[in-house]
Structures are given as structure tokens and as C-alpha cells.
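A quick write-up on the structure given underneath.
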Amino acid sequence: MSHTIEWKTRVYLFEEDRTTKVRVELDTGTNRLTGHGTARCNPADEDVPEIGDELAAARALEELAAQLKRIAYGDMVRAGTAPREVSLTPYSGWLNDAVM
């Protein structure tokens with residue numbers, strides 16, 4: 001059985017004082033999720049806003065992905081098909097508290 005659905009996503013970027021913050025909102029029709037990410041430019045580095053946008057957005061999307069995984073794993077448990085191994089750990093290079 002095949003089906004097609006559309007999930008609506010909005011990405012908001014805010015930049016101030018060499019810090020970029022991103023909020024990603026996802027509406028799946030049954031769930032509304034929000035992910036957040038931050039990137040800070042090292043004072044010794046050249047300020048390239050595009051880099052901060054990319055890093056902060058990646059971090060927000062990663063947080064959103066972790067939320068989706070939690071929901072999927074919960075659904076699997078309720079369906080009696082629990083996963084053998086669950087990993088919700090973010091990639092070590094993409095921690096939100098990292099200073100650029």
C-alpha cells in the first residue's frame with residue numbers, strides 16, 4: 001500500500017551580535033514539533049553569516065530529528081515492534097553549546 005502526504009516545515013533564522021539562532025517548526029498533521037539551534041562566531045574569526053545560518057539550522061534540524069525518532073520509537077513500542085537498539089545521541093561535532 002502506498003500513500004503520499006505533505007509535512008509543512010518553517011525555518012526561522014535570527015542573527016544578533018555574531019550569534020545565530022534558528023527555530024524549525026514541523027507540522028505532520030498529527031504532531032507539531034519545534035527544534036532549536038544556535039551558532040556563535042568566535043571573536044577572532046571573520047563574521048560570515050551564512051556559516052552561522054547553516055550550523056544553527058543543522059543543529060535545529062538535528063534536534064527535530066531526535067524528537068521524530070522518539071515519537072517513532074514510542075509508536076513502535078505501542079505496535080509491539082520495539083527497536084532492538086535506540087540511539088538518540090547527537091553527533092559529537094554538532095552540540096548546541098559548542099562555540100564556533
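Each chain in the C-alpha cells gets a letter, A, B, ..., in the order shown, and its residues are numbered from 1; ligands are numbered from 1 in order too.
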
DSSP says helix (DSSP H, G or I) for which residues of stretch 35-89 of chain A? Put them as an NGL selection string? :A and (49-78)

Within 10 Å of A:Glu6, counting only C-alpha atoms, which residues qualify if same-chain residues fewer than 6 places away don't, as a ChimeraX atom specification? /A:27-29

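Picture a line from atom CA of A:Thr9 to atom CA of A:Ile71; it runs 17.3 Å.
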
Test item: residues at most 7 Å from stretch 50-66 of chain A, only C-alpha atoms, excluding those fewer than 3 positions along its chain, as a PyMOL selection string: chain A and resi 13+20-24+33-40+69-70+88+94+96

Backbone DSSP call of strand (DSSP E) for chain A, listed as number ranges by chain: A: 8-16, 19-27, 32-40

May I have the residues within 9 Å of A:Cys41 as a ChimeraX atom specification, using only C-alpha atoms and disregarding those fewer than 5 positions away in the same chain? /A:17-20,46-49,51-52,99-100

Residues of the last selection are to be written out with C-alpha atoms, as a compact mmCIF listing (two decimals), in the first residue's frame.
# COMPACT_ATOMS: atom_id res chain seq x y z
CA ASP A 17 25.87 40.07 17.88
CA ARG A 18 27.65 37.25 15.96
CA THR A 19 25.14 34.69 17.24
CA THR A 20 22.61 32.93 15.01
CA GLU A 46 35.71 36.71 10.30
CA ASP A 47 31.92 37.01 10.66
CA VAL A 48 30.36 35.02 7.81
CA PRO A 49 26.60 34.96 8.48
CA ILE A 51 28.12 29.77 8.13
CA GLY A 52 26.18 30.62 11.28
CA VAL A 99 31.40 27.75 20.44
CA MET A 100 32.44 28.46 16.86
